[in-house]
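K.L.:
Structure incoming, see below.
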Protein chains: 2
Amino acid sequence: MRRKLTQRGKERRRQLMEHAAGLFAERGYHPTSVADIVESLGVGKGVFYWYFSSKEELLAEILREAHQDLRRRQQQAIGDEPNPVTRIELGIRATIEWFLEHRKYFTLFQFAASDERFAPLLRRNHDVAIADAVRHIKEAIVEGHIADQNPEMLAEAIVGTVNQLTQTYVFERSEPVDRTAEAAVSFCLHGLVGK
Amino acid sequence: MRRKLTQRGKERRRQLMEHAAGLFAERGYHPTSVADIVESLGVGKGVFYWYFSSKEELLAEILREAHQDLRRRQQQAIGDEPNPVTRIELGIRATIEWFLEHRKYFTLFQFAASDERFAPLLRRNHDVAIADAVRHIKEAIVEGHIADQNPEMLAEAIVGTVNQLTQTYVFERSEPVDRTAEAAVSFCLHGLVGK
DNA sequence: AACGTTCTTGACCGAATGGTCAAGTGCTCG
DNA sequence: CGAGCACTTGACCATTCGGTCAAGAACGTT
């Protein structure tokens with residue numbers, strides 16, 4: 001659905017995406033109909049299909065942009081920090097903070113991962129995130145900061161830990177981001193036994 | 001939907017659950033219709049509603065039984081191992097092995113967690129798993145095997161790590177369970193820096 | 001003002017979907 | 001055998017959904 005959009009058009013498009021993302025996260029993708037989206041926005045159904053060719057494309061677009069935004073935030077947080085271990089730590093903190101501010105995308109990512117139609121897209125996003133982390137881990141190994149293990153596995157483990165702790169403590173229990181980030185960083189760096 | 005079931009009835013019920021679980025995991029819960037389930041089983045629609053009051057109840061039942069089965073497997077694997085750290089390790093291995101044999105439930109758990117209607121049930125299951133792990137962790141702390149940190153957070157981190165590694169290596173890349181379990185255990189025990 | 005383009009409307013459509021039910025089959029036990 | 005309960009059938013129903021489209025409104029450009 002490539003169209004020429006005026007400024008007004010771009011804003012409508014954004015509005016639709018933001019609004020739909022909220023509804024999808026709240027009530028689920030399938031139970032939220034296109035009619036629900038446009039009605040709660042007070043516009044006709046044609047508006048939706050002017051900006052998106054299908055409901056599926058809409059969610060794909062939402063997921064793509066959300067991932068882009070998260071990644072930007074991570075890179076910005078890391079800046080030009082020279083120590084790779086510190087970079088990992090900054091990345092973890094930035095991720096948790098971003099999810100706190102964009103709670104709805106957490107649910108969306110989770111749903112999309114379990115749906116045949118969106119899993120491949122999400123998988124690509126995930127791979128990018130892993131590749132980012134792997135770069136820092138490899139550097140940290142070279143510099144002797146961390147033990148020489150499979151960097152990819154370590155990256156996956158970090159992602160798993162961060163997601164789980166974010167879900168449980170930041171979302172379900174409203175714990176402060178700091179304490180959660182602290183725990184995530186500590187676990188990732190030292191595990192159960194370490195330190 | 002409490003009914004008196006004969007042996008024949010119990011088998012039908014199991015058959016429906018097994019079969020539906022497979023379809024749900026493969027094509028997703030919403031896209032799989034009740035008609036799909038009964039047709040691919042070669043029975044009439046009435047059969048379904050004889051054993052389950054709704055499609056929703058069916059999935060809830062599947063999730064409940066799957067969790068029970070996984071937990072049984074964990075307890076059986078742990079046996080009467082005296083060392084709490086070893087118990088954690090055995091639990092991790094048993095979990096990964098169980099998921100390898102019951103791949104479909106992994107997808108189902110993931111979907112259910114993102115659906116308003118099933119999230120509470122899944123949350124209860126999750127809490128039971130965390131409570132199990134916390135018991136071992138507390139004991140390990142008392143015995144001085146691992147550092148004195150919040151046991152619940154450690155348990156959540158372990159679950160997150162195991163799930164992520166299982167998803168990526170066992171399912172998506174068909175890596176051997178052993179290597180995955182090894183990595184998970186190593187990360188959980190020592191983190192990035194440790195050892 | 002006039003014209004082409006962008007945007008909006010909302011009735012409409014065919015194709016599901018979850019769930020019901022009256023009717024019937026087959027098993028079991030007295 | 002026959003009565004009663006467990007199970008099965010599949011047509012049927014109300015509803016909903018994603019998506020279309022002909023018609024027209026708003027906007028920008030000249």
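We label chains A, B, ... in the order they appear in the structure tokens, count residues from 1 in each chain, and number ligands from 1 in the order shown.
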Both chains have the same sequence, so superpose chain A on chain B over all Cα atoms paired in order and return it as a compact mmCIF listing (two decimals) with C-alpha atoms, in the first residue's frame.
P.N.:
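Listed below is the output, selection_13.txt:
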```txt
# COMPACT_ATOMS: atom_id res chain seq x y z
CA MET A 1 -18.92 -29.43 31.52
CA ARG A 2 -18.86 -32.14 34.17
CA ARG A 3 -20.31 -35.33 32.79
CA LYS A 4 -20.08 -38.98 33.57
CA LEU A 5 -17.64 -40.41 31.07
CA THR A 6 -17.19 -44.04 30.19
CA GLN A 7 -13.78 -45.37 29.21
CA ARG A 8 -14.71 -44.76 25.59
CA GLY A 9 -15.69 -41.20 26.48
CA LYS A 10 -12.44 -40.50 28.27
CA GLU A 11 -10.50 -41.66 25.24
CA ARG A 12 -12.49 -39.40 22.92
CA ARG A 13 -11.85 -36.51 25.24
CA ARG A 14 -8.11 -37.16 25.25
CA GLN A 15 -8.16 -37.55 21.48
CA LEU A 16 -9.89 -34.22 21.06
CA MET A 17 -7.44 -32.48 23.35
CA GLU A 18 -4.34 -33.96 21.76
CA HIS A 19 -5.59 -33.25 18.28
CA ALA A 20 -6.77 -29.72 19.03
CA ALA A 21 -3.50 -28.92 20.76
CA GLY A 22 -1.66 -29.89 17.60
CA LEU A 23 -3.86 -27.75 15.38
CA PHE A 24 -3.75 -24.78 17.74
CA ALA A 25 0.03 -24.92 17.89
CA GLU A 26 0.34 -25.28 14.13
CA ARG A 27 -2.16 -22.75 12.85
CA GLY A 28 -2.95 -20.71 15.94
CA TYR A 29 -5.90 -20.73 18.30
CA HIS A 30 -8.17 -18.22 16.58
CA PRO A 31 -7.60 -19.41 13.01
CA THR A 32 -8.41 -22.98 14.02
CA SER A 33 -12.17 -23.40 14.11
CA VAL A 34 -14.13 -25.99 16.00
CA ALA A 35 -15.23 -27.24 12.59
CA ASP A 36 -11.57 -27.75 11.64
CA ILE A 37 -10.97 -29.81 14.74
CA VAL A 38 -13.91 -32.16 14.37
CA GLU A 39 -13.67 -32.47 10.59
CA SER A 40 -10.02 -33.48 10.61
CA LEU A 41 -11.01 -36.06 13.20
CA GLY A 42 -13.91 -37.28 11.10
CA VAL A 43 -16.61 -36.70 13.68
CA GLY A 44 -19.63 -34.44 13.96
CA LYS A 45 -19.61 -31.09 15.66
CA GLY A 46 -21.86 -32.35 18.44
CA VAL A 47 -19.02 -34.54 19.69
CA PHE A 48 -16.97 -31.49 20.53
CA TYR A 49 -19.73 -29.88 22.53
CA TRP A 50 -20.47 -33.10 24.31
CA TYR A 51 -17.00 -33.05 25.88
CA PHE A 52 -16.31 -29.33 26.14
CA SER A 53 -18.64 -26.46 26.79
CA SER A 54 -16.66 -24.10 24.58
CA LYS A 55 -13.53 -23.73 22.53
CA GLU A 56 -12.14 -21.57 25.29
CA GLU A 57 -12.64 -24.25 27.93
CA LEU A 58 -10.87 -26.73 25.70
CA LEU A 59 -7.69 -24.67 25.50
CA ALA A 60 -7.82 -23.94 29.22
CA GLU A 61 -8.01 -27.66 29.87
CA ILE A 62 -5.12 -28.35 27.50
CA LEU A 63 -2.97 -25.75 29.23
CA ARG A 64 -3.82 -27.09 32.67
CA GLU A 65 -2.96 -30.67 31.82
CA ALA A 66 0.22 -29.74 29.99
CA HIS A 67 1.48 -27.78 32.96
CA GLN A 68 0.65 -30.65 35.30
CA ASP A 69 2.56 -33.04 33.10
CA LEU A 70 5.62 -30.79 32.89
CA ARG A 71 5.66 -30.35 36.64
CA ARG A 72 5.42 -34.10 37.22
CA ARG A 73 8.39 -34.58 34.93
CA GLN A 74 10.43 -31.99 36.80
CA GLN A 75 9.70 -33.51 40.18
CA GLN A 76 10.47 -36.97 38.90
CA ALA A 77 13.80 -35.81 37.45
CA ILE A 78 14.80 -34.11 40.68
CA GLY A 79 13.92 -37.17 42.74
CA ASP A 80 15.51 -36.95 46.16
CA GLU A 81 18.71 -35.21 45.09
CA PRO A 82 20.07 -33.59 48.24
CA ASN A 83 22.10 -30.74 46.71
CA PRO A 84 19.75 -27.82 45.87
CA VAL A 85 22.00 -26.49 43.11
CA THR A 86 21.99 -29.90 41.48
CA ARG A 87 18.22 -29.97 41.84
CA ILE A 88 17.98 -26.72 39.91
CA GLU A 89 20.21 -28.14 37.22
CA LEU A 90 18.15 -31.33 36.98
CA GLY A 91 15.00 -29.25 36.77
CA ILE A 92 16.36 -27.18 33.91
CA ARG A 93 17.38 -30.28 31.96
CA ALA A 94 14.04 -31.97 32.55
CA THR A 95 12.20 -28.88 31.37
CA ILE A 96 14.11 -28.63 28.11
CA GLU A 97 13.70 -32.33 27.46
CA TRP A 98 9.98 -32.17 28.14
CA PHE A 99 9.51 -29.27 25.75
CA LEU A 100 11.44 -31.12 23.07
CA GLU A 101 8.97 -33.97 23.38
CA HIS A 102 5.98 -31.65 23.64
CA ARG A 103 6.92 -28.92 21.28
CA LYS A 104 3.33 -27.93 20.63
CA TYR A 105 2.76 -26.82 24.19
CA PHE A 106 5.59 -24.33 23.95
CA THR A 107 3.75 -22.41 21.25
CA LEU A 108 0.49 -22.77 23.13
CA PHE A 109 1.94 -21.38 26.34
CA GLN A 110 3.36 -18.49 24.41
CA PHE A 111 0.07 -17.68 22.74
CA ALA A 112 -1.94 -18.09 25.91
CA ALA A 113 0.32 -15.68 27.76
CA SER A 114 -0.60 -12.98 25.26
CA ASP A 115 -4.35 -13.53 25.42
CA GLU A 116 -6.45 -11.77 28.01
CA ARG A 117 -8.65 -14.83 28.49
CA PHE A 118 -5.88 -17.30 29.23
CA ALA A 119 -3.22 -15.13 30.81
CA PRO A 120 -4.57 -15.54 34.36
CA LEU A 121 -4.48 -19.33 34.10
CA LEU A 122 -1.01 -19.26 32.68
CA ARG A 123 0.06 -16.85 35.34
CA ARG A 124 -1.02 -19.30 38.02
CA ASN A 125 0.96 -22.06 36.36
CA HIS A 126 3.96 -19.78 36.14
CA ASP A 127 3.69 -18.89 39.82
CA VAL A 128 3.72 -22.55 40.77
CA ALA A 129 6.87 -23.10 38.72
CA ILE A 130 8.53 -20.07 40.31
CA ALA A 131 7.57 -21.23 43.80
CA ASP A 132 9.12 -24.62 43.09
CA ALA A 133 12.37 -23.03 41.98
CA VAL A 134 12.39 -20.56 44.85
CA ARG A 135 12.39 -23.40 47.36
CA HIS A 136 15.60 -24.82 45.96
CA ILE A 137 17.21 -21.42 45.65
CA LYS A 138 16.48 -20.48 49.25
CA GLU A 139 17.95 -23.72 50.42
CA ALA A 140 21.03 -23.14 48.28
CA ILE A 141 21.47 -19.70 49.79
CA VAL A 142 21.17 -21.07 53.33
CA GLU A 143 23.78 -23.69 52.53
CA GLY A 144 26.01 -20.98 51.10
CA HIS A 145 26.10 -22.37 47.56
CA ILE A 146 24.88 -19.21 45.90
CA ALA A 147 24.95 -15.51 46.65
CA ASP A 148 22.23 -14.01 48.80
CA GLN A 149 19.97 -12.26 46.30
CA ASN A 150 16.21 -12.09 45.87
CA PRO A 151 15.30 -15.76 45.25
CA GLU A 152 12.20 -14.91 43.25
CA MET A 153 14.11 -12.73 40.85
CA LEU A 154 16.67 -15.45 40.37
CA ALA A 155 13.91 -17.95 39.68
CA GLU A 156 12.32 -15.66 37.09
CA ALA A 157 15.66 -15.12 35.44
CA ILE A 158 16.24 -18.86 35.21
CA VAL A 159 12.85 -19.42 33.63
CA GLY A 160 13.46 -16.63 31.14
CA THR A 161 16.83 -18.01 30.16
CA VAL A 162 15.60 -21.57 29.77
CA ASN A 163 12.60 -20.54 27.68
CA GLN A 164 14.62 -18.36 25.35
CA LEU A 165 17.37 -20.91 24.81
CA THR A 166 14.83 -23.69 24.28
CA GLN A 167 12.97 -21.63 21.72
CA THR A 168 16.01 -20.63 19.71
CA TYR A 169 18.25 -23.66 19.90
CA VAL A 170 16.02 -26.65 20.45
CA PHE A 171 13.12 -25.59 18.26
CA GLU A 172 14.44 -23.21 15.65
CA ARG A 173 17.86 -24.77 15.15
CA SER A 174 17.34 -28.33 16.30
CA GLU A 175 20.45 -28.24 18.45
CA PRO A 176 20.88 -31.21 20.78
CA VAL A 177 19.16 -30.84 24.12
CA ASP A 178 22.39 -31.53 25.96
CA ARG A 179 24.32 -28.63 24.57
CA THR A 180 21.41 -26.27 25.13
CA ALA A 181 20.89 -27.48 28.68
CA GLU A 182 24.61 -27.16 29.32
CA ALA A 183 24.57 -23.55 28.17
CA ALA A 184 21.44 -22.72 30.15
CA VAL A 185 22.81 -24.26 33.33
CA SER A 186 26.18 -22.60 32.88
CA PHE A 187 24.64 -19.18 32.27
CA CYS A 188 22.26 -19.48 35.19
CA LEU A 189 24.99 -20.58 37.57
CA HIS A 190 27.81 -18.30 36.45
CA GLY A 191 26.43 -15.56 34.23
CA LEU A 192 28.68 -13.81 31.76
CA VAL A 193 31.59 -13.08 34.03
CA GLY A 194 31.58 -15.90 36.54
CA LYS A 195 33.44 -19.17 37.01
```
K.L.:
Excluding DC27 of chain C and its own-chain neighbours fewer than 6 positions away, which residues fall within 10 Å of it when counting only C-alpha atoms (C1' of nucleotides)? Please give them as a list in words.
P.N.:
DC5, DA6 and DC7 of chain D
K.L.:
Please save C-alpha atoms (C1' of nucleotides) of the selected residues as a PDB file, in the first residue's frame.
P.N.:
```pdb
ATOM      1  C1'  DC D   5     -27.889 -43.519  29.574  1.00  0.00           C
ATOM      2  C1'  DA D   6     -23.692 -42.293  26.866  1.00  0.00           C
ATOM      3  C1'  DC D   7     -22.536 -40.750  22.787  1.00  0.00           C
TER       4       DC D   7
END
```
K.L.:
Distance limit 7 Å, atoms considered: only C-alpha atoms (C1' of nucleotides). Which chain D residues sit that close to chain B? Return them as a list of chain:residue names.
P.N.:
D:DT8, D:DT9, D:DG10
K.L.:
Atoms to include: N, CA and C atoms (P, O5', C5', C4', C3', O3' and C1' of nucleotides). Write the selected residues as a tab-separated table (two decimals), in the first residue's frame.
P.N.:
```
chain	number	residue	atom	x	y	z
D	8	DT	P	-18.61	-40.39	20.76
D	8	DT	O5'	-19.66	-40.06	19.61
D	8	DT	C5'	-20.28	-41.12	18.89
D	8	DT	C4'	-21.25	-40.56	17.88
D	8	DT	C3'	-20.71	-39.39	17.04
D	8	DT	O3'	-20.63	-39.82	15.70
D	8	DT	C1'	-22.94	-39.00	17.78
D	9	DT	P	-19.98	-38.87	14.60
D	9	DT	O5'	-21.25	-38.29	13.88
D	9	DT	C5'	-22.29	-39.20	13.48
D	9	DT	C4'	-23.50	-38.42	13.04
D	9	DT	C3'	-23.18	-37.22	12.13
D	9	DT	O3'	-23.62	-37.52	10.82
D	9	DT	C1'	-24.83	-36.70	13.79
D	10	DG	P	-22.81	-37.01	9.57
D	10	DG	O5'	-23.62	-35.69	9.22
D	10	DG	C5'	-25.03	-35.73	9.19
D	10	DG	C4'	-25.59	-34.33	9.30
D	10	DG	C3'	-24.77	-33.25	8.57
D	10	DG	O3'	-25.69	-32.29	8.06
D	10	DG	C1'	-25.00	-32.64	10.78
```
K.L.:
Counting only C-alpha atoms (C1' of nucleotides), what are the residues of chain C within 12 Å of chain A, and for each of them which pair of atoms is the nearest and at what distance in Å, to one decimal? Sort the table by chain and rising number, as JSON lines.
P.N.:
```
{"residue": "C:DT5", "atom": "C1'", "partner": "A:Lys4", "partner_atom": "CA", "distance": 9.8}
{"residue": "C:DT6", "atom": "C1'", "partner": "A:Thr6", "partner_atom": "CA", "distance": 7.6}
{"residue": "C:DC7", "atom": "C1'", "partner": "A:Val47", "partner_atom": "CA", "distance": 7.7}
{"residue": "C:DT8", "atom": "C1'", "partner": "A:Val47", "partner_atom": "CA", "distance": 6.2}
{"residue": "C:DT9", "atom": "C1'", "partner": "A:Gly44", "partner_atom": "CA", "distance": 5.7}
{"residue": "C:DG10", "atom": "C1'", "partner": "A:Gly44", "partner_atom": "CA", "distance": 6.6}
{"residue": "C:DA11", "atom": "C1'", "partner": "A:Lys45", "partner_atom": "CA", "distance": 10.9}
```
K.L.:
I need the residues in segment 35-189 of chain B that are alpha helix (DSSP H) according to DSSP; give them as a PyMOL selection string.
P.N.:
chain B and resi 35-39+45-51+55-78+84-101+103-113+119-142+151-165+177-189
K.L.:
Selection from above, C-alpha atoms, as a compact mmCIF listing (two decimals), in the first residue's frame, can you write it?
P.N.:
```txt
# COMPACT_ATOMS: atom_id res chain seq x y z
CA ALA B 35 -15.17 -27.30 12.56
CA ASP B 36 -11.51 -27.82 11.62
CA ILE B 37 -10.91 -29.85 14.74
CA VAL B 38 -13.84 -32.21 14.37
CA GLU B 39 -13.59 -32.54 10.59
CA LYS B 45 -19.55 -31.15 15.66
CA GLY B 46 -21.77 -32.40 18.44
CA VAL B 47 -18.95 -34.57 19.71
CA PHE B 48 -16.91 -31.52 20.51
CA TYR B 49 -19.67 -29.86 22.52
CA TRP B 50 -20.41 -33.10 24.33
CA TYR B 51 -16.96 -33.03 25.90
CA LYS B 55 -13.49 -23.72 22.47
CA GLU B 56 -12.13 -21.55 25.25
CA GLU B 57 -12.64 -24.21 27.88
CA LEU B 58 -10.85 -26.70 25.68
CA LEU B 59 -7.69 -24.64 25.49
CA ALA B 60 -7.82 -23.89 29.20
CA GLU B 61 -8.02 -27.62 29.86
CA ILE B 62 -5.11 -28.31 27.50
CA LEU B 63 -2.96 -25.71 29.24
CA ARG B 64 -3.83 -27.03 32.66
CA GLU B 65 -2.97 -30.62 31.83
CA ALA B 66 0.21 -29.69 30.00
CA HIS B 67 1.47 -27.75 32.96
CA GLN B 68 0.64 -30.61 35.30
CA ASP B 69 2.54 -33.01 33.10
CA LEU B 70 5.59 -30.77 32.90
CA ARG B 71 5.63 -30.33 36.64
CA ARG B 72 5.38 -34.07 37.22
CA ARG B 73 8.35 -34.55 34.93
CA GLN B 74 10.40 -31.98 36.79
CA GLN B 75 9.67 -33.51 40.17
CA GLN B 76 10.42 -36.96 38.88
CA ALA B 77 13.76 -35.81 37.43
CA ILE B 78 14.75 -34.13 40.67
CA PRO B 84 19.73 -27.87 45.86
CA VAL B 85 21.98 -26.53 43.10
CA THR B 86 21.96 -29.93 41.45
CA ARG B 87 18.18 -30.00 41.83
CA ILE B 88 17.96 -26.74 39.90
CA GLU B 89 20.19 -28.15 37.21
CA LEU B 90 18.12 -31.34 36.95
CA GLY B 91 14.96 -29.26 36.76
CA ILE B 92 16.35 -27.20 33.90
CA ARG B 93 17.36 -30.28 31.96
CA ALA B 94 14.02 -31.98 32.54
CA THR B 95 12.18 -28.87 31.37
CA ILE B 96 14.08 -28.61 28.11
CA GLU B 97 13.67 -32.31 27.46
CA TRP B 98 9.95 -32.14 28.13
CA PHE B 99 9.49 -29.23 25.75
CA LEU B 100 11.42 -31.09 23.08
CA GLU B 101 8.94 -33.94 23.37
CA ARG B 103 6.91 -28.88 21.28
CA LYS B 104 3.33 -27.90 20.63
CA TYR B 105 2.76 -26.78 24.20
CA PHE B 106 5.58 -24.28 23.96
CA THR B 107 3.74 -22.36 21.25
CA LEU B 108 0.49 -22.74 23.14
CA PHE B 109 1.93 -21.33 26.35
CA GLN B 110 3.35 -18.43 24.40
CA PHE B 111 0.05 -17.64 22.74
CA ALA B 112 -1.96 -18.06 25.93
CA ALA B 113 0.29 -15.63 27.76
CA ALA B 119 -3.25 -15.10 30.80
CA PRO B 120 -4.60 -15.51 34.36
CA LEU B 121 -4.52 -19.30 34.10
CA LEU B 122 -1.03 -19.23 32.68
CA ARG B 123 0.05 -16.82 35.35
CA ARG B 124 -1.05 -19.28 38.04
CA ASN B 125 0.94 -22.04 36.37
CA HIS B 126 3.94 -19.76 36.15
CA ASP B 127 3.67 -18.88 39.83
CA VAL B 128 3.69 -22.53 40.78
CA ALA B 129 6.84 -23.08 38.73
CA ILE B 130 8.50 -20.08 40.32
CA ALA B 131 7.54 -21.24 43.81
CA ASP B 132 9.09 -24.63 43.09
CA ALA B 133 12.35 -23.04 41.98
CA VAL B 134 12.38 -20.58 44.86
CA ARG B 135 12.36 -23.43 47.36
CA HIS B 136 15.57 -24.84 45.96
CA ILE B 137 17.19 -21.44 45.64
CA LYS B 138 16.46 -20.52 49.24
CA GLU B 139 17.93 -23.76 50.42
CA ALA B 140 21.00 -23.19 48.27
CA ILE B 141 21.45 -19.75 49.79
CA VAL B 142 21.15 -21.13 53.31
CA PRO B 151 15.29 -15.79 45.26
CA GLU B 152 12.19 -14.94 43.26
CA MET B 153 14.08 -12.75 40.85
CA LEU B 154 16.65 -15.47 40.37
CA ALA B 155 13.89 -17.97 39.67
CA GLU B 156 12.29 -15.67 37.10
CA ALA B 157 15.64 -15.12 35.44
CA ILE B 158 16.21 -18.87 35.21
CA VAL B 159 12.81 -19.41 33.63
CA GLY B 160 13.43 -16.62 31.14
CA THR B 161 16.81 -18.01 30.16
CA VAL B 162 15.57 -21.56 29.77
CA ASN B 163 12.57 -20.52 27.68
CA GLN B 164 14.60 -18.34 25.37
CA LEU B 165 17.34 -20.90 24.80
CA VAL B 177 19.13 -30.81 24.10
CA ASP B 178 22.35 -31.51 25.92
CA ARG B 179 24.29 -28.60 24.55
CA THR B 180 21.37 -26.26 25.13
CA ALA B 181 20.85 -27.50 28.65
CA GLU B 182 24.57 -27.15 29.29
CA ALA B 183 24.54 -23.54 28.15
CA ALA B 184 21.41 -22.73 30.14
CA VAL B 185 22.78 -24.27 33.31
CA SER B 186 26.15 -22.62 32.86
CA PHE B 187 24.62 -19.20 32.27
CA CYS B 188 22.23 -19.51 35.19
CA LEU B 189 24.94 -20.63 37.56
```
